[in-house]
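Source file: final.cif; contents: mmCIF, C-alpha atoms and all ligand atoms.
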data_data
#
loop_
_atom_site.label_atom_id
_atom_site.label_comp_id
_atom_site.auth_asym_id
_atom_site.auth_seq_id
_atom_site.Cartn_x
_atom_site.Cartn_y
_atom_site.Cartn_z
CA MET R 24 0.00 0.00 0.00
CA ALA R 25 1.14 3.57 -0.73
CA GLU R 26 2.66 5.33 2.28
CA THR R 27 1.59 8.69 3.57
CA THR R 28 4.08 11.38 2.54
CA LEU R 29 2.14 14.47 3.64
CA PHE R 30 -0.40 14.52 6.44
CA VAL R 31 -2.71 17.45 7.25
CA HIS R 32 -4.35 16.73 10.56
CA ASP R 33 -7.27 17.98 12.60
CA LEU R 34 -8.77 20.39 10.08
CA ALA R 35 -12.06 22.06 10.98
CA ALA R 36 -13.33 20.56 7.72
CA ALA R 37 -12.37 19.07 4.37
CA VAL R 38 -14.74 19.83 1.49
CA SER R 39 -15.07 18.48 -2.03
CA PRO R 40 -17.60 18.09 -4.83
CA ARG R 41 -19.12 14.62 -4.58
CA GLY R 42 -19.09 11.77 -7.09
CA SER R 43 -17.07 11.77 -10.27
CA GLY R 44 -17.24 13.50 -13.63
CA PRO R 45 -19.23 16.71 -14.20
CA LEU R 46 -22.07 17.59 -11.82
CA ARG R 47 -25.40 19.07 -12.96
CA GLY R 48 -28.93 19.72 -11.74
CA ARG R 49 -29.40 18.95 -8.05
CA ASP R 50 -25.91 17.44 -7.88
CA LEU R 51 -24.25 20.75 -8.80
CA GLY R 52 -24.25 21.89 -5.18
CA GLY R 53 -23.68 18.44 -3.68
CA LEU R 54 -20.60 18.66 -1.51
CA GLN R 55 -18.93 16.00 0.58
CA VAL R 56 -18.06 17.65 3.90
CA HIS R 57 -15.94 15.92 6.55
CA SER R 58 -15.85 17.90 9.79
CA PRO R 59 -13.45 17.61 11.53
CA ALA R 60 -11.06 16.01 9.06
CA SER R 61 -7.54 14.89 8.28
CA VAL R 62 -6.04 14.42 4.82
CA ALA R 63 -3.38 11.83 3.96
CA ILE R 64 -1.40 12.22 0.74
CA ALA R 65 0.93 9.71 -0.90
CA GLY R 66 3.21 11.08 -3.62
CA ASP R 67 1.08 13.18 -5.95
CA ARG R 68 -2.25 11.53 -4.99
CA VAL R 69 -4.81 11.92 -2.23
CA LEU R 70 -4.81 8.75 -0.16
CA ALA R 71 -7.56 9.46 2.35
CA VAL R 72 -9.88 12.21 3.57
CA GLY R 73 -12.03 11.65 6.62
CA ALA R 74 -12.46 11.69 10.37
CA PRO R 75 -9.09 12.39 12.06
CA ASP R 76 -9.02 9.24 14.20
CA GLU R 77 -9.84 6.99 11.22
CA VAL R 78 -7.29 8.56 8.88
CA LEU R 79 -4.65 8.43 11.61
CA ARG R 80 -5.41 4.76 12.29
CA ASP R 81 -5.51 3.63 8.65
CA TYR R 82 -2.82 5.87 7.08
CA PRO R 83 -0.45 6.80 9.93
CA PRO R 84 2.23 9.34 9.07
CA ARG R 85 5.72 7.80 9.23
CA PRO R 86 8.31 9.65 11.30
CA ASP R 87 9.86 11.28 8.20
CA CYS R 88 6.46 12.29 6.76
CA GLU R 89 5.72 16.00 6.39
CA THR R 90 2.83 17.05 8.63
CA MET R 91 0.73 20.15 8.94
CA ASP R 92 -1.52 21.25 11.76
CA GLY R 93 -4.94 21.96 10.27
CA ARG R 94 -6.67 23.20 13.42
CA GLY R 95 -8.99 26.14 12.71
CA LYS R 96 -8.53 25.71 8.95
CA VAL R 97 -10.35 24.02 6.08
CA ALA R 98 -9.10 22.02 3.11
CA LEU R 99 -10.53 22.30 -0.40
CA PRO R 100 -9.51 21.05 -3.83
CA GLY R 101 -7.12 23.35 -5.73
CA LEU R 102 -9.05 25.64 -8.06
CA VAL R 103 -9.21 25.06 -11.81
CA ASP R 104 -9.34 28.07 -14.12
CA CYS R 105 -10.82 26.68 -17.34
CA HIS R 106 -10.86 29.95 -19.32
CA ALA R 107 -7.81 32.22 -19.27
CA HIS R 108 -5.69 34.23 -21.72
CA PRO R 109 -2.29 34.63 -20.00
CA ALA R 110 -0.12 34.73 -23.18
CA PHE R 111 0.10 38.44 -23.91
CA LEU R 112 2.56 41.33 -23.74
CA GLY R 113 1.82 44.96 -22.94
CA ASP R 114 -1.31 46.14 -21.19
CA ARG R 115 -4.57 47.98 -21.84
CA ALA R 116 -4.41 50.51 -18.99
CA ALA R 117 -5.01 53.40 -21.42
CA GLU R 118 -8.04 51.59 -22.84
CA PHE R 119 -9.29 51.00 -19.30
CA GLU R 120 -9.17 54.76 -18.75
CA LEU R 121 -11.03 55.41 -22.03
CA ARG R 122 -13.72 53.00 -20.93
CA SER R 123 -13.97 54.73 -17.56
CA GLY R 124 -14.85 57.85 -19.57
CA GLY R 125 -17.67 56.09 -21.41
CA ALA R 126 -16.09 54.46 -24.52
CA SER R 127 -17.40 50.95 -25.05
CA TYR R 128 -15.31 47.77 -25.46
CA GLU R 129 -16.89 47.08 -28.86
CA GLU R 130 -16.27 50.66 -30.10
CA ILE R 131 -12.62 50.42 -29.10
CA HIS R 132 -12.35 47.05 -30.89
CA ALA R 133 -14.02 48.41 -34.05
CA SER R 134 -11.56 51.32 -34.21
CA GLY R 135 -8.57 48.92 -34.24
CA GLY R 136 -7.78 48.99 -30.52
CA GLY R 137 -8.75 46.33 -27.99
CA ILE R 138 -7.61 42.81 -28.85
CA LEU R 139 -5.62 44.15 -31.83
CA SER R 140 -3.52 46.45 -29.68
CA THR R 141 -2.49 43.45 -27.57
CA VAL R 142 -1.78 41.56 -30.81
CA GLU R 143 0.68 44.31 -31.85
CA ALA R 144 2.51 44.21 -28.51
CA THR R 145 2.60 40.40 -28.46
CA ARG R 146 3.95 40.18 -32.03
CA ARG R 147 6.79 42.60 -31.14
CA GLY R 148 8.13 40.56 -28.20
CA SER R 149 10.45 37.55 -28.25
CA GLU R 150 9.50 34.03 -27.19
CA GLU R 151 11.60 34.58 -24.04
CA GLU R 152 9.72 37.76 -23.14
CA LEU R 153 6.40 36.08 -23.70
CA THR R 154 7.49 33.06 -21.64
CA ALA R 155 8.39 35.40 -18.78
CA ALA R 156 4.99 37.09 -19.03
CA VAL R 157 3.09 33.79 -18.96
CA ARG R 158 5.24 32.68 -16.02
CA ARG R 159 4.38 35.87 -14.12
CA HIS R 160 0.67 35.46 -14.85
CA LEU R 161 0.70 31.82 -13.69
CA ALA R 162 2.41 32.90 -10.45
CA TRP R 163 -0.39 35.42 -9.84
CA MET R 164 -2.98 32.68 -10.38
CA LEU R 165 -1.27 30.36 -7.91
CA GLU R 166 -1.42 33.10 -5.26
CA HIS R 167 -5.21 33.04 -5.62
CA GLY R 168 -5.55 29.28 -5.25
CA THR R 169 -5.47 28.17 -8.89
CA THR R 170 -3.53 24.94 -9.28
CA THR R 171 -4.64 24.05 -12.84
CA ALA R 172 -5.29 26.56 -15.61
CA GLU R 173 -6.12 26.84 -19.25
CA ALA R 174 -3.82 29.08 -21.29
CA LYS R 175 -5.08 30.33 -24.64
CA SER R 176 -3.01 31.75 -27.48
CA GLY R 177 -4.90 34.27 -29.60
CA TYR R 178 -2.83 37.44 -29.44
CA GLY R 179 -0.67 36.44 -32.41
CA LEU R 180 -3.10 35.94 -35.28
CA ASP R 181 -0.22 35.10 -37.58
CA ALA R 182 1.45 31.71 -37.77
CA GLU R 183 4.70 32.83 -36.17
CA THR R 184 3.18 34.55 -33.13
CA GLU R 185 0.48 31.93 -32.52
CA ILE R 186 3.20 29.25 -32.41
CA LYS R 187 5.43 31.53 -30.33
CA SER R 188 2.53 31.94 -27.87
CA LEU R 189 1.89 28.21 -27.56
CA LYS R 190 5.62 27.57 -27.09
CA ALA R 191 5.79 30.31 -24.44
CA ILE R 192 2.86 28.63 -22.66
CA THR R 193 4.61 25.25 -22.81
CA ASN R 194 7.92 26.74 -21.60
CA ALA R 195 6.30 28.62 -18.73
CA ALA R 196 4.27 25.57 -17.71
CA LYS R 197 7.46 23.52 -17.27
CA GLY R 198 8.76 25.75 -14.50
CA SER R 199 5.39 26.42 -12.87
CA PHE R 200 3.56 24.69 -10.04
CA ILE R 201 0.36 25.15 -12.04
CA ASP R 202 -0.65 22.42 -14.49
CA VAL R 203 -1.44 24.15 -17.76
CA SER R 204 -3.80 23.11 -20.55
CA PRO R 205 -2.87 25.02 -23.75
CA THR R 206 -5.62 26.14 -26.15
CA PHE R 207 -5.19 27.33 -29.74
CA LEU R 208 -7.31 30.49 -30.05
CA GLY R 209 -6.17 31.14 -33.62
CA ALA R 210 -9.61 32.59 -34.37
CA HIS R 211 -9.72 35.33 -31.73
CA THR R 212 -10.38 38.12 -34.21
CA VAL R 213 -9.49 39.05 -37.80
CA PRO R 214 -6.07 40.74 -38.01
CA PRO R 215 -5.68 43.88 -40.19
CA GLU R 216 -3.79 42.02 -42.95
CA PHE R 217 -7.03 40.26 -44.02
CA ASP R 218 -10.17 41.71 -45.59
CA THR R 219 -12.52 38.93 -44.56
CA ALA R 220 -12.88 36.47 -41.73
CA ALA R 221 -13.13 33.60 -44.24
CA GLU R 222 -9.76 34.44 -45.83
CA TYR R 223 -8.14 34.66 -42.42
CA VAL R 224 -9.56 31.32 -41.28
CA GLY R 225 -8.27 29.68 -44.48
CA PHE R 226 -4.85 31.16 -43.77
CA VAL R 227 -4.62 30.23 -40.09
CA VAL R 228 -5.79 26.67 -40.69
CA ARG R 229 -3.15 26.20 -43.41
CA SER R 230 -0.26 28.00 -41.81
CA ALA R 231 -0.57 27.64 -38.03
CA LEU R 232 -2.88 24.72 -37.20
CA PRO R 233 -0.58 21.77 -38.08
CA GLU R 234 2.11 22.90 -35.62
CA ALA R 235 -0.36 24.41 -33.14
CA ALA R 236 -2.06 21.02 -32.88
CA THR R 237 1.20 19.53 -31.58
CA LEU R 238 1.31 22.11 -28.76
CA ALA R 239 -2.35 22.59 -27.74
CA ARG R 240 -5.14 20.33 -26.41
CA GLN R 241 -8.19 22.45 -27.26
CA ALA R 242 -9.25 25.05 -29.84
CA ASP R 243 -11.34 28.18 -29.39
CA VAL R 244 -13.07 30.82 -31.53
CA PHE R 245 -14.63 34.21 -30.74
CA LEU R 246 -18.03 33.92 -32.41
CA GLU R 247 -19.20 37.53 -32.31
CA ARG R 248 -20.09 40.47 -34.56
CA GLY R 249 -16.82 42.03 -35.68
CA SER R 250 -14.92 38.73 -35.30
CA PHE R 251 -16.27 35.41 -36.68
CA GLU R 252 -19.74 34.26 -37.74
CA VAL R 253 -21.05 30.68 -37.71
CA PRO R 254 -19.68 29.55 -41.11
CA GLU R 255 -16.10 30.62 -40.33
CA ALA R 256 -16.30 29.35 -36.76
CA ARG R 257 -17.51 25.98 -38.05
CA ARG R 258 -14.70 25.81 -40.62
CA TYR R 259 -12.06 26.67 -38.02
CA LEU R 260 -13.31 24.31 -35.31
CA GLU R 261 -13.87 21.39 -37.72
CA ALA R 262 -10.31 21.73 -38.99
CA CYS R 263 -9.01 21.90 -35.43
CA ARG R 264 -11.07 18.89 -34.41
CA GLU R 265 -9.59 16.91 -37.33
CA HIS R 266 -6.20 17.70 -35.83
CA GLY R 267 -7.30 16.33 -32.44
CA LEU R 268 -8.16 19.60 -30.67
CA ALA R 269 -11.40 19.73 -28.65
CA PRO R 270 -13.64 22.62 -29.81
CA ARG R 271 -14.74 25.45 -27.53
CA LEU R 272 -16.42 28.78 -28.29
CA HIS R 273 -16.61 32.33 -26.94
CA ALA R 274 -20.37 32.52 -27.30
CA ASP R 275 -23.18 35.10 -26.90
CA GLN R 276 -20.95 37.67 -25.15
CA PHE R 277 -22.44 40.74 -26.87
CA SER R 278 -24.97 39.18 -29.23
CA GLU R 279 -26.61 35.83 -29.85
CA ARG R 280 -25.69 34.54 -33.30
CA GLY R 281 -25.92 30.75 -33.39
CA ALA R 282 -23.02 29.69 -31.18
CA ILE R 283 -24.97 27.21 -29.04
CA PRO R 284 -26.49 25.17 -31.90
CA LEU R 285 -23.07 25.13 -33.57
CA ALA R 286 -21.38 23.96 -30.34
CA ILE R 287 -23.89 21.12 -29.99
CA GLU R 288 -23.50 20.16 -33.65
CA LEU R 289 -19.71 19.98 -33.25
CA GLY R 290 -19.75 18.22 -29.87
CA ALA R 291 -17.87 21.15 -28.35
CA ARG R 292 -16.48 20.88 -24.83
CA SER R 293 -17.93 24.24 -23.76
CA VAL R 294 -19.50 27.55 -24.68
CA ASP R 295 -18.15 30.45 -22.65
CA HIS R 296 -19.60 33.89 -21.67
CA LEU R 297 -23.39 33.58 -22.43
CA GLU R 298 -24.28 37.09 -21.23
CA ASN R 299 -26.77 37.42 -24.10
CA THR R 300 -28.15 33.88 -24.26
CA GLY R 301 -31.95 33.77 -24.55
CA ASP R 302 -34.45 31.20 -23.32
CA ALA R 303 -34.19 28.86 -26.30
CA GLY R 304 -30.41 28.79 -25.98
CA VAL R 305 -30.66 28.06 -22.25
CA ARG R 306 -32.97 25.10 -22.89
CA LEU R 307 -30.82 23.66 -25.68
CA LEU R 308 -27.61 24.03 -23.73
CA ALA R 309 -29.00 22.66 -20.47
CA LYS R 310 -30.06 19.43 -22.22
CA SER R 311 -26.72 19.00 -23.97
CA ASN R 312 -23.32 17.76 -22.86
CA VAL R 313 -21.69 21.07 -23.78
CA ALA R 314 -20.58 22.84 -20.59
CA ALA R 315 -21.64 26.45 -19.91
CA VAL R 316 -18.65 28.46 -18.68
CA LEU R 317 -19.60 31.69 -16.90
CA LEU R 318 -17.13 34.56 -16.56
CA PRO R 319 -18.66 36.99 -14.07
CA ALA R 320 -15.47 39.03 -13.59
CA CYS R 321 -15.57 39.89 -17.30
CA GLY R 322 -19.22 40.88 -16.92
CA LEU R 323 -18.27 43.16 -14.05
CA PHE R 324 -15.26 44.60 -15.89
CA LEU R 325 -17.30 45.45 -19.01
CA ASP R 326 -20.64 46.03 -17.28
CA LEU R 327 -22.34 43.33 -19.36
CA PRO R 328 -25.84 41.96 -18.72
CA LEU R 329 -25.85 39.02 -16.31
CA PRO R 330 -25.81 35.54 -17.91
CA PRO R 331 -28.83 33.31 -17.16
CA ALA R 332 -26.89 31.35 -14.55
CA ARG R 333 -29.79 30.31 -12.32
CA ARG R 334 -31.91 29.11 -15.24
CA LEU R 335 -28.96 27.16 -16.68
CA ALA R 336 -28.34 25.55 -13.30
CA ASP R 337 -32.00 24.73 -12.67
CA GLU R 338 -32.50 23.25 -16.13
CA GLY R 339 -29.48 20.98 -15.66
CA ALA R 340 -26.57 22.54 -17.52
CA ILE R 341 -22.99 21.55 -16.70
CA LEU R 342 -21.97 24.91 -15.20
CA ALA R 343 -18.38 26.04 -14.80
CA LEU R 344 -16.87 29.32 -13.61
CA ALA R 345 -13.62 30.90 -14.76
CA THR R 346 -11.74 34.20 -14.60
CA ASP R 347 -11.33 34.96 -18.35
CA PHE R 348 -8.00 36.49 -17.22
CA ASN R 349 -6.88 38.82 -20.05
CA PRO R 350 -5.62 42.41 -20.34
CA GLY R 351 -8.75 43.90 -21.95
CA SER R 352 -12.03 42.54 -20.67
CA SER R 353 -11.14 40.82 -17.39
CA PHE R 354 -7.82 41.74 -15.84
CA THR R 355 -8.12 39.47 -12.82
CA GLU R 356 -6.61 36.11 -11.97
CA SER R 357 -8.86 35.52 -8.95
CA LEU R 358 -11.28 32.58 -9.01
CA PRO R 359 -12.43 33.42 -5.45
CA LEU R 360 -13.58 36.76 -6.88
CA ALA R 361 -15.46 34.89 -9.64
CA MET R 362 -17.05 32.71 -6.92
CA ASN R 363 -18.09 35.78 -4.94
CA LEU R 364 -19.69 37.33 -8.03
CA ALA R 365 -21.43 34.05 -8.83
CA CYS R 366 -22.99 34.14 -5.35
CA THR R 367 -23.75 37.87 -5.17
CA ARG R 368 -24.84 38.52 -8.77
CA LEU R 369 -25.68 35.23 -10.49
CA GLY R 370 -27.74 33.51 -7.81
CA LEU R 371 -25.49 30.49 -7.40
CA SER R 372 -24.83 29.07 -3.95
CA PRO R 373 -21.30 28.87 -2.52
CA ALA R 374 -21.42 25.08 -3.02
CA GLU R 375 -22.48 25.41 -6.67
CA SER R 376 -19.75 28.00 -7.21
CA LEU R 377 -17.13 25.70 -5.74
CA THR R 378 -18.12 22.78 -7.96
CA ALA R 379 -18.16 25.15 -10.95
CA CYS R 380 -14.50 26.07 -10.54
CA THR R 381 -13.20 22.68 -9.42
CA ALA R 382 -14.84 19.45 -10.65
CA ASN R 383 -16.81 21.00 -13.52
CA ALA R 384 -13.92 23.19 -14.66
CA ALA R 385 -11.69 20.10 -14.68
CA HIS R 386 -14.32 18.42 -16.89
CA VAL R 387 -14.16 21.36 -19.32
CA LEU R 388 -10.39 20.83 -19.57
CA ASP R 389 -10.88 17.05 -19.84
CA LEU R 390 -8.78 16.36 -16.73
CA PRO R 391 -10.71 13.63 -14.91
CA ASP R 392 -8.29 13.22 -11.98
CA VAL R 393 -8.39 16.89 -10.95
CA GLY R 394 -10.94 19.05 -9.12
CA ARG R 395 -11.87 16.91 -6.12
CA LEU R 396 -10.37 16.36 -2.69
CA ALA R 397 -10.96 12.63 -2.66
CA PRO R 398 -8.90 9.41 -2.72
CA GLY R 399 -7.16 8.79 -6.05
CA TYR R 400 -7.38 12.39 -7.22
CA LYS R 401 -4.31 14.54 -7.86
CA ALA R 402 -3.23 15.98 -4.49
CA ASP R 403 -3.91 19.63 -5.31
CA VAL R 404 -5.18 21.03 -2.02
CA LEU R 405 -5.86 24.48 -0.62
CA VAL R 406 -5.70 24.93 3.12
CA LEU R 407 -7.80 28.00 3.80
CA ASP R 408 -6.98 30.00 6.92
CA ALA R 409 -10.63 30.28 7.89
CA PRO R 410 -13.02 28.29 10.09
CA ASP R 411 -15.60 27.76 7.29
CA TRP R 412 -14.91 26.81 3.65
CA ARG R 413 -17.46 29.38 2.45
CA TYR R 414 -14.98 32.13 3.33
CA LEU R 415 -13.41 31.35 -0.06
CA ALA R 416 -16.37 33.06 -1.77
CA TYR R 417 -17.53 35.20 1.15
CA HIS R 418 -14.34 37.06 2.10
CA LEU R 419 -14.23 39.38 -0.91
CA GLY R 420 -10.63 39.93 -2.00
CA GLY R 421 -9.44 38.15 1.12
CA ASP R 422 -8.51 34.66 0.01
CA ARG R 423 -6.09 33.73 2.76
CA PHE R 424 -4.37 30.42 2.27
CA ALA R 425 -2.39 28.82 5.06
CA ALA R 426 -0.93 26.46 2.47
CA THR R 427 -1.19 25.44 -1.16
CA ILE R 428 -0.36 21.83 -1.95
CA LYS R 429 0.34 20.97 -5.59
CA ALA R 430 0.67 17.34 -6.66
CA GLY R 431 1.43 16.40 -3.07
CA ARG R 432 4.07 19.10 -2.48
CA LEU R 433 3.73 22.10 -0.20
CA VAL R 434 4.36 25.02 -2.57
CA SER R 435 3.40 27.90 -0.31
O1 LIG K 501 -13.01 36.48 -23.43
N1 LIG K 501 -14.00 38.06 -26.07
C1 LIG K 501 -12.93 37.77 -26.54
N2 LIG K 501 -11.82 37.51 -25.86
C2 LIG K 501 -11.57 37.93 -24.54
C3 LIG K 501 -11.15 39.35 -24.49
C4 LIG K 501 -9.83 39.55 -25.07
C5 LIG K 501 -9.34 40.95 -24.97
O2 LIG K 501 -10.09 41.92 -24.83
O3 LIG K 501 -8.11 41.07 -25.05
C6 LIG K 501 -12.76 37.65 -23.65
O4 LIG K 501 -13.43 38.55 -23.14
FE FE K 502 -12.04 34.84 -23.13
#
Write the structure described by the file as C-alpha cells, please.
Amino acid sequence: MAETTLFVHDLAAAVSPRGSGPLRGRDLGGLQVHSPASVAIAGDRVLAVGAPDEVLRDYPPRPDCETMDGRGKVALPGLVDCHAHPAFLGDRAAEFELRSGGASYEEIHASGGGILSTVEATRRGSEEELTAAVRRHLAWMLEHGTTTAEAKSGYGLDAETEIKSLKAITNAAKGSFIDVSPTFLGAHTVPPEFDTAAEYVGFVVRSALPEAATLARQADVFLERGSFEVPEARRYLEACREHGLAPRLHADQFSERGAIPLAIELGARSVDHLENTGDAGVRLLAKSNVAAVLLPACGLFLDLPLPPARRLADEGAILALATDFNPGSSFTESLPLAMNLACTRLGLSPAESLTACTANAAHVLDLPDVGRLAPGYKADVLVLDAPDWRYLAYHLGGDRFAATIKAGRLVS
C-alpha cells in the first residue's frame, strides 16, 4: 500500500464536490463535507480524507512524513481556471481609462484597438519575453488558489506569433507549479492584414494549425459580430477537431448569433460567456453535454448583462466558472472573486460555485483526476486559513491560504 508522505491533521473541515465527472442539476451543489477532518497524501495523490481518528489509524504518518496542523482551517480542492488568456505582452491601462470615460469595449475594438492592440505588442516581443509574461501570470494565479489553468493563445493571429505563444505557454508551464492546458485560439479576431474572416480562417488553418495542434489540447473561436460568424467558426473548429483539438467557443458575449447550436452540432467541450443567451439557448444548452462556462469578472469589468446562470443551473446545464483572465475585458486572476460574483450577482450558492471552478472546470479541460479532494485524485489542495470553507467566496478579496499543496508538495 502507498505510504503517507504528507499529512494534514485535525482540520475544521475538508470539502469536495461529490461523485465523479461533471455535476449538474441537483448534484451541482452536492458537496462532501468531513468535519473535523484529516487528509493523507501519498506522492502526488490523495490517499484518504475523513475523520481524524480513522485517517490516523488507517494511514499513519511515518516519522519522516511531512505534517501540517490543520486546526482552525479548512481544506478544499485546488481551483481550476478553465478559461484564461495569460499569453500576452503589454497592457490595456489606457483603454481602461477610455472605458472609464464612457467608450465601449466594442467601439474600441471596431476602431482597431482592444484585442488588436495586444496583438501588436505580443507580435513585437520575443519568445523569451512572452514566456516570462506567462510565467508571471501563472504565479499570480497560484497566489489566488489556482492549481490548474487553461492558457489560450490568440494574441498572435499570424502563424509565427500563434506558435510563439503556444511555445511560451509550454515553456512557462514547465517551470510552474500550475498544471497548464494550452488552447489554440487562432480565431480570436481578424487581423488587419485580411479583408474577410473567411480568408483569415483559411490562412490560419493552413499556416498555423498543423504545428499548433502539436502544442495545444483544445481550440477556441470568438463567435461575435466584428470577429467570426457561424460559417467561419464551423470551418475553423472542424479543422481543429480533425487535428485532435477539442472545440470550444466564446459565445453570446455581446450578441446571440448561433453559437450554441453550432457547439452542440460539433460536440464542443464548452461555450463560454453567455451574457446574451436567450431562453431557447438556455434550454438547448441545459439538455446537452456542452458545458456552460460563466465569466462573471468579465461581466463586471465590461458592465455586461448578467448571464442566465440560475436558469442554466436549474435546467441541468454543466456549469463552470472561470476568470477569463486577459488584459482587456477581465484583468483578474482571482477565481475566489469569480465565486463571490457568482454568489452575489448570479444567484449560485457557494457550493455550486465551488463545484463550478473545481470538478466542472476540470471536466471542461478534460482532466478527470483533478478538481476533487478525494482518494485517487491529484493531491492539489488548498488549506484556507478560515473556520468555514465558504470564506473562499464570502471574504471578498481576502482569500487567505495557510498552504497550497500541488501534486502532493507544499508550494506555499
Ligand atoms: O473572453 N471576447 C474575446 N476575448 C476575450 C477578451 C480579449 C481581450 O479583450 O483582449 C474575452 O473577453
Ligand atoms: Fe475569453
Item to check | Exercise answer, 7 Å around ligand LIG 501 (chain K) with only C-alpha atoms and all ligand atoms, as a list of chain:residue names | outcome: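 Counting only what the definition allows, namely only C-alpha atoms and all ligand atoms, the set is R:Gly137, R:Ile138, R:Thr141, R:His211, R:Phe245, R:His273, R:Cys321, R:Asp347, R:Asn349, R:Pro350, R:Gly351, R:Ser352, R:Ser353.
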Next on the checklist: I want to know what sits within 10 Å of Val305 of chain R, based on all atoms listed in the file, with residues of the same chain fewer than 4 positions away left out; could you give that as a list in words?
Outcome noted: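 Counting all atoms listed in the file, the residues come to Ile283, Leu297, Thr300, Gly301, Ala309, Lys310, Ala315, Pro330, Pro331, Ala332, Arg334, Leu335, Ala336, Glu338, Gly339 and Ala340 of chain R.
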Next on the checklist: Using Å and a single decimal, report how far atom CA of Phe348 of chain R sits from atom CA of Glu143 of chain R.
Outcome noted: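 Between atom CA of Glu143 of chain R and atom CA of Phe348 of chain R the gap is 18.7 Å.
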Checklist outcome for this item: What separates atom CA of Tyr417 of chain R and atom CA of Val78 of chain R is a distance of 29.6 Å
Next on the checklist: Just checking: using all atoms listed in the file, which residue out of R:Gly124, R:Gly179, R:Pro319, R:Gly93 ends up closest to ligand FE 502 (chain K)?
Outcome noted: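 Smallest distance to ligand FE 502 (chain K) is found for R:Pro319.
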Checklist entry - Between R:Pro59, R:Gly52, R:Pro398, R:Gly322, which has the minimum distance to ligand FE 502 (chain K) (counting all atoms listed in the file)? => result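 For ligand FE 502 (chain K), the nearest of the candidates is R:Gly322.
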Item to check | Residue contacts of Pro328 of chain R (9 Å, only C-alpha atoms) excluding same-chain residues fewer than 5 positions away, as a ChimeraX atom specification | outcome: /R:277,298-299,322-323
Create the file for the chosen residues now, containing C-alpha atoms and written as a compact mmCIF listing (two decimals), keeping the file's coordinate frame.
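The file below, selection35.txt, is the result:
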# COMPACT_ATOMS: atom_id res chain seq x y z
CA PHE R 277 -22.44 40.74 -26.87
CA GLU R 298 -24.28 37.09 -21.23
CA ASN R 299 -26.77 37.42 -24.10
CA GLY R 322 -19.22 40.88 -16.92
CA LEU R 323 -18.27 43.16 -14.05
Checklist entry - To one decimal place, how far is atom CA of Pro270 of chain R from atom CA of Ala291 of chain R in Å? => result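 Going from atom CA of Pro270 of chain R over to atom CA of Ala291 of chain R covers 4.7 Å.
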With N, CA, C and O atoms as the target, complete segment 323-334 of chain R and hand it back as a tab-separated table (two decimals), in the frame of the given file.
chain	number	residue	atom	x	y	z
R	323	LEU	N	-18.45	42.01	-14.93
R	323	LEU	CA	-18.27	43.16	-14.05
R	323	LEU	C	-17.36	44.20	-14.71
R	323	LEU	O	-17.66	45.40	-14.71
R	324	PHE	N	-16.28	43.73	-15.29
R	324	PHE	CA	-15.26	44.60	-15.89
R	324	PHE	C	-15.84	45.42	-17.04
R	324	PHE	O	-15.49	46.58	-17.24
R	325	LEU	N	-16.73	44.78	-17.83
R	325	LEU	CA	-17.30	45.45	-19.01
R	325	LEU	C	-18.73	45.90	-18.78
R	325	LEU	O	-19.37	46.42	-19.68
R	326	ASP	N	-19.25	45.68	-17.58
R	326	ASP	CA	-20.64	46.03	-17.28
R	326	ASP	C	-21.61	45.39	-18.28
R	326	ASP	O	-22.44	46.06	-18.90
R	327	LEU	N	-21.47	44.08	-18.45
R	327	LEU	CA	-22.34	43.33	-19.36
R	327	LEU	C	-23.62	42.91	-18.63
R	327	LEU	O	-23.64	42.87	-17.40
R	328	PRO	N	-24.66	42.55	-19.38
R	328	PRO	CA	-25.84	41.96	-18.72
R	328	PRO	C	-25.42	40.66	-18.03
R	328	PRO	O	-24.43	40.05	-18.40
R	329	LEU	N	-26.20	40.25	-17.03
R	329	LEU	CA	-25.85	39.02	-16.31
R	329	LEU	C	-26.25	37.80	-17.13
R	329	LEU	O	-27.33	37.79	-17.73
R	330	PRO	N	-25.42	36.77	-17.20
R	330	PRO	CA	-25.81	35.54	-17.91
R	330	PRO	C	-26.91	34.81	-17.13
R	330	PRO	O	-27.03	35.00	-15.92
R	331	PRO	N	-27.70	33.99	-17.82
R	331	PRO	CA	-28.83	33.31	-17.16
R	331	PRO	C	-28.37	32.12	-16.31
R	331	PRO	O	-28.78	30.98	-16.55
R	332	ALA	N	-27.56	32.41	-15.31
R	332	ALA	CA	-26.89	31.35	-14.55
R	332	ALA	C	-27.89	30.45	-13.83
R	332	ALA	O	-27.80	29.22	-13.88
R	333	ARG	N	-28.84	31.09	-13.13
R	333	ARG	CA	-29.79	30.31	-12.32
R	333	ARG	C	-30.63	29.40	-13.20
R	333	ARG	O	-30.86	28.23	-12.89
R	334	ARG	N	-31.08	29.96	-14.35
R	334	ARG	CA	-31.91	29.11	-15.24
R	334	ARG	C	-31.08	27.95	-15.80
R	334	ARG	O	-31.53	26.81	-15.89
